[in-house]
Amino acid sequence: MKRVYLGVAVGILVVCALGTAVVVPLQEKAPQTTEFLKMFTRALVTVQSNYMEEVDSQRLIFGAIRGMLGTLDPHTNFLNQRTFRSLQRNQEGSFFGIGVSIAVRGEELTIISPIEGSPAHRLGIQAGDVIAEIEGESTKGMDIETILSKLRGAKGTKVTITISRRGYPEPLVFTIIRDEIKAPSILVSFILKEGVGYIRFSRFAFSSANDLEDALVELEGRGMKRLILDLRGNTGGFLDQAVKAADKFIREGKIVEMRGRAMRTSQIFFATKEGTRPDFPLIVMVNLGSASASEIVAGAIQDHDRGLIVGETTWGKGLVQSVYRLSQETALSLTTAKYYTPSGRSIQRDYTSSWEEYFFPSPDTLPPKSEEVFTTVSGRKVYGGGGIVPDVVISSTIMSELAQRLQSRNTFFNFATHYVSSHPDIDRTFEVASSVVEEFKEFLDKEKIAYSLANFDAESEYIKMRIKQEVFAHKWGLPAGYQILVQEDASVQKALELFPQAEKLLQQREAILQQHPS
């Protein structure tokens with residue numbers, strides 16, 4: 001059986017590259033094990049021989065494995081052929097394909113955005129295009145796994161797709177040569193205001209540390225003196241990339257510790273001075289969607305008093321998974337250790353009362369601060385046992401009923417598809433004028449989306465911002481649209497006001513370090 005450490009994000013399996021796989025022998029822990037295995041074999045044979053209908057043996061055995069693992073913890077899982085393939089795909093920092101982000105909207109396979117510089121982008125494929133056919137086969141009813149298998153393939157091979165585009169009466173046929181597609185881990189990085197850089201991490205992928213380095217160098221070259229590192233919604237990824245990311249801000253000391261029952265699953269990761277950035281004021285934004293590897297980064301920065309953590313309490317996923325291959329196509333994702341932050345706190349949230357509550361929490365239902373108290377470098381109190389508690393709480397904005405309805409119906413995306421196709425000459429000076437708002441209202445009427453004028457007026461600023469964001473995303477790519485969202489994000493604006501606290505924290509830290517030099 002081969003073992004690879006795994007950092008499991010919430011509902012997503014992502015490999016943590018911690019070295020080569022090693023063979024781990026099965027160890028019998030009690031004499032009864034052999035008898036239990038005989039009992040299981042007799043039960044299986046009895047079912048196979050005597051059940052009223054023919055049974056699928058694979059289904060029985062896979063179900064038995066899942067039942068066994070279900071007695072352990074929420075993150076230990078059996079990986080069947082499909083989930084194991086998905087896991088292996090997520091290990092890769094890149095793949096070969098045509099380079100589009102896709103989603104099934106209704107029954108239509110819709111392109112959310114072509115990836116900049118990809119084969120699809122170079123051929124002029126646009127956001128909002130609908131892939132009607134792949135190699136002459138209709139995409140209606142296809143599952144995502146099948147679609148991805150048809151779009152991806154060896155570098156240099158060809159795939160033909162048929163596109164339906166708004167405003168074009170006839171389908172458009174593209175024959176695309178597959179190429180390497182790099183999956184971005186940084187959604188956007190830019191100068192938010194004079195001297196303030198902003199970096200949004202979506203996940204810690206294979207090349208995330210290098211991506212972060214590139215973003216920092218670019219922002220520093222443009223005059224960055226302070227930084228907002230946004231980890232909201234970052235569900236984790238490669239452990240080594242999280243360690244390297246934290247190491248860019250921490251000069252020395254522990255970054256994270258893994259403690260397992262076996263010596264091979266216990267390890268401490270330390271910071272190094274090489275490549276560490278100067279101590280500019282740093283704010284790290286987190287929320288309930290921040291988990292696993294992103295909690296390692298936030299926890300290390302908080303424990304070292306290197307930056308101010310703001311937002312909402314994070315998920316609380318501090319278990320380490322290792323992958324053990326069972327066959328060529330199946331594997332176990334088995335919890336083998338826990339993460340501990342530099343101050344010694346476990347961030348794993350309790351899951352013993354209900355797995356349902358564990359997997360479907362809300363900021364209102366998260367447990368109160370743990371009684372486990374730890375201290376940071378400068379002596380501040382921090383708490384274990386339930387994610388990373390922010391230094392400053394900034395609650396997420398609650399969307400109105402109208403905003404939620406427009407969002408759930410993909411209204412802004414669909415309107416932007418229509419608007420960009422009918423206004424091809426728009427440029428980056430585009431603003432949502434009253435004429436655009438009236439056109440949006442007409443679009444709502446056409447789509448039979450009900451609204452009251454009072455509710456619409458109350459949400460007018462949000463509606464105009466979302467229209468602008470989707471128009472920019474359609475015209476100039478997802479990062480351009482995301483930049484609009486960030487600039488109008490109320491939580492980001494509040495974070496900007498907290499830099500004096502971040503500066504004070506740095507001063508306190510430096511005073512302590514000078515008193516107790518290492």
# chains A, B, ... in the order shown; residues from 1 in each chain; ligands from 1
$ select_by_dssp --residues "segment 145-346 of chain A" --states "helix (DSSP H, G or I)" --output "PyMOL selection string"
chain A and resi 145-151+208-221+239-247+263-265+293-303
$ write_last_selection --atoms "N, CA and C atoms" --output "CSV table (one decimal), in the first residue's frame"
chain,number,residue,atom,x,y,z
A,145,GLU,N,-17.9,14.6,-15.2
A,145,GLU,CA,-16.8,13.7,-15.5
A,145,GLU,C,-16.6,13.3,-16.9
A,146,THR,N,-17.7,13.0,-17.6
A,146,THR,CA,-17.7,12.6,-19.0
A,146,THR,C,-17.3,13.8,-19.8
A,147,ILE,N,-17.8,15.0,-19.5
A,147,ILE,CA,-17.4,16.2,-20.3
A,147,ILE,C,-15.9,16.5,-20.2
A,148,LEU,N,-15.4,16.4,-18.9
A,148,LEU,CA,-14.0,16.7,-18.7
A,148,LEU,C,-13.1,15.7,-19.5
A,149,SER,N,-13.5,14.4,-19.4
A,149,SER,CA,-12.7,13.4,-20.1
A,149,SER,C,-12.7,13.6,-21.6
A,150,LYS,N,-13.8,14.2,-22.2
A,150,LYS,CA,-13.8,14.5,-23.6
A,150,LYS,C,-13.0,15.8,-24.0
A,151,LEU,N,-13.0,16.8,-23.1
A,151,LEU,CA,-12.3,18.0,-23.4
A,151,LEU,C,-10.8,17.9,-23.1
A,208,SER,N,1.6,27.2,-5.9
A,208,SER,CA,1.1,28.4,-5.2
A,208,SER,C,2.2,29.3,-4.6
A,209,ALA,N,3.2,28.6,-4.0
A,209,ALA,CA,4.3,29.4,-3.4
A,209,ALA,C,5.0,30.3,-4.4
A,210,ASN,N,5.2,29.7,-5.6
A,210,ASN,CA,5.9,30.5,-6.7
A,210,ASN,C,4.9,31.6,-7.2
A,211,ASP,N,3.6,31.2,-7.3
A,211,ASP,CA,2.6,32.2,-7.7
A,211,ASP,C,2.6,33.4,-6.7
A,212,LEU,N,2.7,33.1,-5.4
A,212,LEU,CA,2.7,34.1,-4.4
A,212,LEU,C,3.9,35.0,-4.5
A,213,GLU,N,5.1,34.4,-4.7
A,213,GLU,CA,6.3,35.1,-4.9
A,213,GLU,C,6.2,36.1,-6.1
A,214,ASP,N,5.7,35.6,-7.2
A,214,ASP,CA,5.6,36.4,-8.4
A,214,ASP,C,4.6,37.6,-8.1
A,215,ALA,N,3.5,37.3,-7.4
A,215,ALA,CA,2.6,38.4,-7.1
A,215,ALA,C,3.2,39.4,-6.2
A,216,LEU,N,4.0,39.0,-5.2
A,216,LEU,CA,4.6,39.9,-4.2
A,216,LEU,C,5.7,40.8,-4.9
A,217,VAL,N,6.5,40.1,-5.8
A,217,VAL,CA,7.5,40.9,-6.6
A,217,VAL,C,6.8,42.0,-7.4
A,218,GLU,N,5.7,41.6,-8.1
A,218,GLU,CA,5.0,42.6,-9.0
A,218,GLU,C,4.5,43.7,-8.1
A,219,LEU,N,3.8,43.4,-7.0
A,219,LEU,CA,3.2,44.4,-6.2
A,219,LEU,C,4.3,45.3,-5.5
A,220,GLU,N,5.4,44.7,-5.1
A,220,GLU,CA,6.4,45.5,-4.5
A,220,GLU,C,7.0,46.5,-5.6
A,221,GLY,N,7.1,46.0,-6.8
A,221,GLY,CA,7.6,46.9,-7.9
A,221,GLY,C,6.7,48.0,-8.2
A,239,LEU,N,0.0,20.9,1.6
A,239,LEU,CA,0.6,21.4,2.9
A,239,LEU,C,2.0,22.1,2.7
A,240,ASP,N,2.8,21.5,1.8
A,240,ASP,CA,4.1,22.2,1.6
A,240,ASP,C,4.0,23.6,1.0
A,241,GLN,N,3.0,23.8,0.2
A,241,GLN,CA,2.8,25.1,-0.4
A,241,GLN,C,2.3,26.1,0.7
A,242,ALA,N,1.5,25.6,1.6
A,242,ALA,CA,1.0,26.5,2.7
A,242,ALA,C,2.2,26.8,3.6
A,243,VAL,N,3.1,25.9,3.9
A,243,VAL,CA,4.3,26.2,4.7
A,243,VAL,C,5.2,27.2,4.0
A,244,LYS,N,5.4,27.0,2.7
A,244,LYS,CA,6.2,27.9,2.0
A,244,LYS,C,5.6,29.3,1.9
A,245,ALA,N,4.3,29.4,1.8
A,245,ALA,CA,3.6,30.7,1.8
A,245,ALA,C,3.8,31.4,3.1
A,246,ALA,N,3.5,30.7,4.2
A,246,ALA,CA,3.7,31.3,5.5
A,246,ALA,C,5.1,31.7,5.7
A,247,ASP,N,6.1,31.0,5.2
A,247,ASP,CA,7.5,31.2,5.4
A,247,ASP,C,7.9,32.6,4.7
A,263,MET,N,5.6,7.4,14.3
A,263,MET,CA,6.6,8.4,14.2
A,263,MET,C,6.7,9.0,12.7
A,264,ARG,N,6.4,8.2,11.7
A,264,ARG,CA,6.5,8.6,10.4
A,264,ARG,C,5.4,9.7,10.0
A,265,THR,N,4.4,9.8,10.9
A,265,THR,CA,3.3,10.8,10.6
A,265,THR,C,3.5,12.0,11.5
A,293,ALA,N,-5.2,24.0,4.9
A,293,ALA,CA,-3.9,24.7,4.6
A,293,ALA,C,-4.0,26.2,4.8
A,294,SER,N,-5.2,26.8,4.5
A,294,SER,CA,-5.3,28.2,4.8
A,294,SER,C,-5.3,28.5,6.2
A,295,GLU,N,-5.8,27.6,7.1
A,295,GLU,CA,-5.8,27.8,8.5
A,295,GLU,C,-4.4,27.6,9.1
A,296,ILE,N,-3.6,26.8,8.4
A,296,ILE,CA,-2.2,26.7,8.8
A,296,ILE,C,-1.5,28.0,8.6
A,297,VAL,N,-1.7,28.7,7.5
A,297,VAL,CA,-1.1,30.0,7.2
A,297,VAL,C,-1.6,31.0,8.2
A,298,ALA,N,-2.9,31.1,8.3
A,298,ALA,CA,-3.5,32.1,9.2
A,298,ALA,C,-3.0,31.9,10.7
A,299,GLY,N,-3.0,30.6,11.1
A,299,GLY,CA,-2.6,30.3,12.5
A,299,GLY,C,-1.1,30.6,12.7
A,300,ALA,N,-0.3,30.4,11.8
A,300,ALA,CA,1.2,30.7,12.0
A,300,ALA,C,1.4,32.2,12.0
A,301,ILE,N,0.7,32.9,11.1
A,301,ILE,CA,0.9,34.4,11.1
A,301,ILE,C,0.3,35.0,12.4
A,302,GLN,N,-0.8,34.4,12.9
A,302,GLN,CA,-1.4,34.9,14.1
A,302,GLN,C,-0.5,34.6,15.3
A,303,ASP,N,0.0,33.4,15.4
A,303,ASP,CA,0.8,33.0,16.6
A,303,ASP,C,2.1,33.8,16.6
$ select_by_dssp --residues "segment 107-170 of chain A" --states "strand (DSSP E)" --output "MDAnalysis selection string"
chainID A and resid 108:114 130:134 137:138 158:164
$ write_last_selection --atoms "C-alpha atoms" --output "CSV table (one decimal), in the first residue's frame"
chain,number,residue,atom,x,y,z
A,108,GLU,CA,-26.8,23.9,-21.1
A,109,LEU,CA,-23.0,23.4,-20.8
A,110,THR,CA,-22.0,27.0,-20.4
A,111,ILE,CA,-18.5,28.5,-20.5
A,112,ILE,CA,-18.1,30.7,-17.4
A,113,SER,CA,-14.8,32.1,-18.7
A,114,PRO,CA,-11.9,31.1,-21.0
A,130,VAL,CA,-22.8,27.2,-24.8
A,131,ILE,CA,-21.0,24.0,-25.8
A,132,ALA,CA,-23.8,22.2,-27.6
A,133,GLU,CA,-21.7,19.3,-28.9
A,134,ILE,CA,-18.3,17.7,-28.4
A,137,GLU,CA,-22.2,14.3,-29.6
A,138,SER,CA,-24.8,16.4,-27.7
A,158,LYS,CA,-7.5,18.0,-31.4
A,159,VAL,CA,-11.0,18.2,-30.2
A,160,THR,CA,-14.0,19.7,-32.1
A,161,ILE,CA,-16.7,21.5,-30.2
A,162,THR,CA,-19.9,23.2,-31.5
A,163,ILE,CA,-20.8,26.5,-29.8
A,164,SER,CA,-24.1,28.3,-29.6
$ closest_residue --among "A:Lys140, A:His418, A:Lys193, A:Arg178" --to "Arg152 of chain A" --atoms "only C-alpha atoms"
A:Arg178
$ closest_residue --among "A:Gly387, A:Gly63, A:Gly197, A:Pro184" --to "Leu478 of chain A" --atoms "only C-alpha atoms"
A:Pro184
$ residues_around --residues "segment 370-381 of chain A" --least-positions-apart "2" --cutoff "9 Å" --atoms "only C-alpha atoms" --output "compact mmCIF listing (two decimals) with N, CA and C atoms, in the first residue's frame"
# COMPACT_ATOMS: atom_id res chain seq x y z
N GLN A 302 -0.79 34.44 12.90
CA GLN A 302 -1.37 34.95 14.15
C GLN A 302 -0.47 34.63 15.34
N ASP A 303 0.01 33.38 15.44
CA ASP A 303 0.82 32.99 16.59
C ASP A 303 2.14 33.75 16.64
N HIS A 304 2.69 34.10 15.49
CA HIS A 304 3.94 34.87 15.44
C HIS A 304 3.69 36.37 15.48
N ASP A 305 2.43 36.79 15.61
CA ASP A 305 2.07 38.21 15.62
C ASP A 305 2.61 38.94 14.39
N PRO A 342 1.93 27.03 15.80
CA PRO A 342 3.18 27.23 16.56
C PRO A 342 2.99 27.35 18.07
N SER A 343 1.85 27.89 18.52
CA SER A 343 1.63 28.03 19.97
C SER A 343 1.17 26.72 20.60
N GLY A 344 0.91 25.70 19.79
CA GLY A 344 0.53 24.39 20.30
C GLY A 344 -0.95 24.09 20.28
N ARG A 345 -1.75 24.94 19.63
CA ARG A 345 -3.20 24.72 19.64
C ARG A 345 -3.63 23.87 18.44
N PRO A 367 -19.12 26.76 17.74
CA PRO A 367 -19.00 26.75 19.20
C PRO A 367 -18.32 28.02 19.71
N PRO A 368 -18.58 28.42 20.96
CA PRO A 368 -17.91 29.58 21.53
C PRO A 368 -16.42 29.32 21.68
N TYR A 383 -6.99 30.94 21.02
CA TYR A 383 -7.79 29.83 21.52
C TYR A 383 -7.75 28.65 20.54
N GLY A 384 -7.79 27.44 21.09
CA GLY A 384 -7.74 26.24 20.28
C GLY A 384 -9.09 25.57 20.19
N GLY A 385 -9.14 24.47 19.41
CA GLY A 385 -10.31 23.62 19.40
C GLY A 385 -11.47 24.04 18.52
N GLY A 386 -11.27 24.98 17.64
CA GLY A 386 -12.41 25.38 16.80
C GLY A 386 -12.07 26.37 15.73
N LEU A 505 0.63 46.01 16.12
CA LEU A 505 0.96 44.62 16.43
C LEU A 505 2.41 44.32 16.07
N GLN A 508 4.71 45.86 18.70
CA GLN A 508 4.72 45.08 19.93
C GLN A 508 5.58 43.83 19.77
N ARG A 509 5.44 43.20 18.63
CA ARG A 509 6.20 41.98 18.35
C ARG A 509 7.70 42.27 18.33
N GLU A 510 8.08 43.35 17.65
CA GLU A 510 9.50 43.68 17.56
C GLU A 510 10.07 44.01 18.93
N ALA A 511 9.29 44.69 19.77
CA ALA A 511 9.76 45.02 21.12
C ALA A 511 10.03 43.75 21.93
N ILE A 512 9.13 42.77 21.82
CA ILE A 512 9.30 41.49 22.54
C ILE A 512 10.53 40.75 22.01
N LEU A 513 10.69 40.70 20.70
CA LEU A 513 11.80 39.96 20.10
C LEU A 513 13.14 40.59 20.46
$ atom_distance --atom1 "atom CA of Ala480 of chain A" --atom2 "atom CA of Leu123 of chain A"
19.7 Å
$ atom_distance --atom1 "atom CA of Ser322 of chain A" --atom2 "atom CA of Gly236 of chain A"
15.0 Å
$ closest_residue --among "A:Ser395, A:Ile347, A:Val45, A:Asp143" --to "Ile61 of chain A" --atoms "only C-alpha atoms"
A:Val45
$ residues_around --residues "Leu406 of chain A" --least-positions-apart "2" --cutoff "12 Å" --atoms "only C-alpha atoms" --output "MDAnalysis selection string"
chainID A and resid 399:404 408:415 440:441 443:444 447:451 456 459 462:463 466:467
$ decode --residues "segment 465-506 of chain A" --atoms "N, CA and C atoms" --output "PDB file, in the first residue's frame"
ATOM      1  N   MET A 465     -23.182  47.204  -9.215  1.00  0.00           N
ATOM      2  CA  MET A 465     -21.856  46.624  -9.031  1.00  0.00           C
ATOM      3  C   MET A 465     -21.760  45.244  -9.670  1.00  0.00           C
ATOM      4  N   ARG A 466     -22.792  44.408  -9.483  1.00  0.00           N
ATOM      5  CA  ARG A 466     -22.756  43.051 -10.048  1.00  0.00           C
ATOM      6  C   ARG A 466     -22.838  43.068 -11.566  1.00  0.00           C
ATOM      7  N   ILE A 467     -23.598  43.997 -12.121  1.00  0.00           N
ATOM      8  CA  ILE A 467     -23.638  44.121 -13.589  1.00  0.00           C
ATOM      9  C   ILE A 467     -22.254  44.480 -14.113  1.00  0.00           C
ATOM     10  N   LYS A 468     -21.627  45.478 -13.486  1.00  0.00           N
ATOM     11  CA  LYS A 468     -20.297  45.901 -13.927  1.00  0.00           C
ATOM     12  C   LYS A 468     -19.295  44.768 -13.796  1.00  0.00           C
ATOM     13  N   GLN A 469     -19.374  44.050 -12.677  1.00  0.00           N
ATOM     14  CA  GLN A 469     -18.449  42.938 -12.466  1.00  0.00           C
ATOM     15  C   GLN A 469     -18.579  41.881 -13.541  1.00  0.00           C
ATOM     16  N   GLU A 470     -19.804  41.481 -13.868  1.00  0.00           N
ATOM     17  CA  GLU A 470     -20.000  40.435 -14.877  1.00  0.00           C
ATOM     18  C   GLU A 470     -19.641  40.927 -16.274  1.00  0.00           C
ATOM     19  N   VAL A 471     -19.901  42.184 -16.576  1.00  0.00           N
ATOM     20  CA  VAL A 471     -19.519  42.734 -17.886  1.00  0.00           C
ATOM     21  C   VAL A 471     -17.995  42.713 -18.034  1.00  0.00           C
ATOM     22  N   PHE A 472     -17.283  43.144 -16.986  1.00  0.00           N
ATOM     23  CA  PHE A 472     -15.816  43.117 -17.029  1.00  0.00           C
ATOM     24  C   PHE A 472     -15.299  41.683 -17.149  1.00  0.00           C
ATOM     25  N   ALA A 473     -15.924  40.741 -16.417  1.00  0.00           N
ATOM     26  CA  ALA A 473     -15.491  39.343 -16.485  1.00  0.00           C
ATOM     27  C   ALA A 473     -15.699  38.769 -17.883  1.00  0.00           C
ATOM     28  N   HIS A 474     -16.841  39.094 -18.503  1.00  0.00           N
ATOM     29  CA  HIS A 474     -17.109  38.619 -19.858  1.00  0.00           C
ATOM     30  C   HIS A 474     -16.132  39.220 -20.865  1.00  0.00           C
ATOM     31  N   LYS A 475     -15.855  40.492 -20.706  1.00  0.00           N
ATOM     32  CA  LYS A 475     -15.070  41.207 -21.709  1.00  0.00           C
ATOM     33  C   LYS A 475     -13.569  41.008 -21.535  1.00  0.00           C
ATOM     34  N   TRP A 476     -13.089  41.006 -20.283  1.00  0.00           N
ATOM     35  CA  TRP A 476     -11.643  40.988 -20.046  1.00  0.00           C
ATOM     36  C   TRP A 476     -11.187  39.864 -19.125  1.00  0.00           C
ATOM     37  N   GLY A 477     -12.068  38.914 -18.826  1.00  0.00           N
ATOM     38  CA  GLY A 477     -11.669  37.754 -18.042  1.00  0.00           C
ATOM     39  C   GLY A 477     -12.062  37.851 -16.579  1.00  0.00           C
ATOM     40  N   LEU A 478     -12.078  36.683 -15.907  1.00  0.00           N
ATOM     41  CA  LEU A 478     -12.517  36.603 -14.510  1.00  0.00           C
ATOM     42  C   LEU A 478     -11.731  37.515 -13.563  1.00  0.00           C
ATOM     43  N   PRO A 479     -10.383  37.623 -13.687  1.00  0.00           N
ATOM     44  CA  PRO A 479      -9.665  38.519 -12.769  1.00  0.00           C
ATOM     45  C   PRO A 479     -10.136  39.964 -12.849  1.00  0.00           C
ATOM     46  N   ALA A 480     -10.456  40.440 -14.060  1.00  0.00           N
ATOM     47  CA  ALA A 480     -10.936  41.820 -14.209  1.00  0.00           C
ATOM     48  C   ALA A 480     -12.264  42.003 -13.489  1.00  0.00           C
ATOM     49  N   GLY A 481     -13.139  41.030 -13.622  1.00  0.00           N
ATOM     50  CA  GLY A 481     -14.417  41.100 -12.921  1.00  0.00           C
ATOM     51  C   GLY A 481     -14.251  40.989 -11.423  1.00  0.00           C
ATOM     52  N   TYR A 482     -13.321  40.131 -11.002  1.00  0.00           N
ATOM     53  CA  TYR A 482     -13.122  39.942  -9.572  1.00  0.00           C
ATOM     54  C   TYR A 482     -12.572  41.203  -8.925  1.00  0.00           C
ATOM     55  N   GLN A 483     -11.761  41.943  -9.662  1.00  0.00           N
ATOM     56  CA  GLN A 483     -11.212  43.180  -9.124  1.00  0.00           C
ATOM     57  C   GLN A 483     -12.328  44.177  -8.799  1.00  0.00           C
ATOM     58  N   ILE A 484     -13.366  44.201  -9.624  1.00  0.00           N
ATOM     59  CA  ILE A 484     -14.523  45.068  -9.352  1.00  0.00           C
ATOM     60  C   ILE A 484     -15.191  44.656  -8.038  1.00  0.00           C
ATOM     61  N   LEU A 485     -15.364  43.347  -7.842  1.00  0.00           N
ATOM     62  CA  LEU A 485     -15.984  42.853  -6.608  1.00  0.00           C
ATOM     63  C   LEU A 485     -15.185  43.275  -5.377  1.00  0.00           C
ATOM     64  N   VAL A 486     -13.861  43.126  -5.457  1.00  0.00           N
ATOM     65  CA  VAL A 486     -13.003  43.438  -4.316  1.00  0.00           C
ATOM     66  C   VAL A 486     -13.090  44.917  -3.963  1.00  0.00           C
ATOM     67  N   GLN A 487     -13.046  45.758  -4.973  1.00  0.00           N
ATOM     68  CA  GLN A 487     -13.067  47.202  -4.727  1.00  0.00           C
ATOM     69  C   GLN A 487     -14.358  47.664  -4.071  1.00  0.00           C
ATOM     70  N   GLU A 488     -15.429  46.907  -4.276  1.00  0.00           N
ATOM     71  CA  GLU A 488     -16.727  47.266  -3.693  1.00  0.00           C
ATOM     72  C   GLU A 488     -17.081  46.424  -2.475  1.00  0.00           C
ATOM     73  N   ASP A 489     -16.172  45.532  -2.065  1.00  0.00           N
ATOM     74  CA  ASP A 489     -16.431  44.616  -0.954  1.00  0.00           C
ATOM     75  C   ASP A 489     -16.380  45.375   0.369  1.00  0.00           C
ATOM     76  N   ALA A 490     -17.500  45.386   1.110  1.00  0.00           N
ATOM     77  CA  ALA A 490     -17.568  46.122   2.377  1.00  0.00           C
ATOM     78  C   ALA A 490     -16.567  45.578   3.395  1.00  0.00           C
ATOM     79  N   SER A 491     -16.344  44.258   3.401  1.00  0.00           N
ATOM     80  CA  SER A 491     -15.399  43.672   4.348  1.00  0.00           C
ATOM     81  C   SER A 491     -13.976  44.115   4.055  1.00  0.00           C
ATOM     82  N   VAL A 492     -13.628  44.200   2.776  1.00  0.00           N
ATOM     83  CA  VAL A 492     -12.296  44.676   2.388  1.00  0.00           C
ATOM     84  C   VAL A 492     -12.120  46.141   2.795  1.00  0.00           C
ATOM     85  N   GLN A 493     -13.153  46.930   2.595  1.00  0.00           N
ATOM     86  CA  GLN A 493     -13.076  48.347   2.982  1.00  0.00           C
ATOM     87  C   GLN A 493     -12.879  48.491   4.490  1.00  0.00           C
ATOM     88  N   LYS A 494     -13.532  47.629   5.283  1.00  0.00           N
ATOM     89  CA  LYS A 494     -13.333  47.669   6.732  1.00  0.00           C
ATOM     90  C   LYS A 494     -11.916  47.224   7.089  1.00  0.00           C
ATOM     91  N   ALA A 495     -11.406  46.223   6.354  1.00  0.00           N
ATOM     92  CA  ALA A 495     -10.047  45.740   6.616  1.00  0.00           C
ATOM     93  C   ALA A 495      -9.024  46.852   6.390  1.00  0.00           C
ATOM     94  N   LEU A 496      -9.247  47.675   5.389  1.00  0.00           N
ATOM     95  CA  LEU A 496      -8.332  48.780   5.108  1.00  0.00           C
ATOM     96  C   LEU A 496      -8.199  49.719   6.304  1.00  0.00           C
ATOM     97  N   GLU A 497      -9.265  49.847   7.077  1.00  0.00           N
ATOM     98  CA  GLU A 497      -9.249  50.747   8.228  1.00  0.00           C
ATOM     99  C   GLU A 497      -8.452  50.178   9.404  1.00  0.00           C
ATOM    100  N   LEU A 498      -8.054  48.911   9.307  1.00  0.00           N
ATOM    101  CA  LEU A 498      -7.405  48.238  10.434  1.00  0.00           C
ATOM    102  C   LEU A 498      -5.884  48.231  10.348  1.00  0.00           C
ATOM    103  N   PHE A 499      -5.320  48.865   9.334  1.00  0.00           N
ATOM    104  CA  PHE A 499      -3.860  48.845   9.209  1.00  0.00           C
ATOM    105  C   PHE A 499      -3.143  49.496  10.394  1.00  0.00           C
ATOM    106  N   PRO A 500      -3.702  50.552  11.030  1.00  0.00           N
ATOM    107  CA  PRO A 500      -3.036  51.059  12.235  1.00  0.00           C
ATOM    108  C   PRO A 500      -2.870  49.985  13.319  1.00  0.00           C
ATOM    109  N   GLN A 501      -3.876  49.083  13.463  1.00  0.00           N
ATOM    110  CA  GLN A 501      -3.760  47.998  14.435  1.00  0.00           C
ATOM    111  C   GLN A 501      -2.688  46.997  14.005  1.00  0.00           C
ATOM    112  N   ALA A 502      -2.622  46.729  12.697  1.00  0.00           N
ATOM    113  CA  ALA A 502      -1.596  45.809  12.188  1.00  0.00           C
ATOM    114  C   ALA A 502      -0.199  46.376  12.428  1.00  0.00           C
ATOM    115  N   GLU A 503      -0.042  47.679  12.265  1.00  0.00           N
ATOM    116  CA  GLU A 503       1.246  48.323  12.506  1.00  0.00           C
ATOM    117  C   GLU A 503       1.617  48.266  13.991  1.00  0.00           C
ATOM    118  N   LYS A 504       0.637  48.494  14.846  1.00  0.00           N
ATOM    119  CA  LYS A 504       0.876  48.434  16.288  1.00  0.00           C
ATOM    120  C   LYS A 504       1.283  47.027  16.716  1.00  0.00           C
ATOM    121  N   LEU A 505       0.631  46.012  16.118  1.00  0.00           N
ATOM    122  CA  LEU A 505       0.964  44.623  16.428  1.00  0.00           C
ATOM    123  C   LEU A 505       2.412  44.318  16.069  1.00  0.00           C
ATOM    124  N   LEU A 506       2.859  44.808  14.931  1.00  0.00           N
ATOM    125  CA  LEU A 506       4.246  44.610  14.521  1.00  0.00           C
ATOM    126  C   LEU A 506       5.209  45.258  15.506  1.00  0.00           C
TER     127      LEU A 506
END
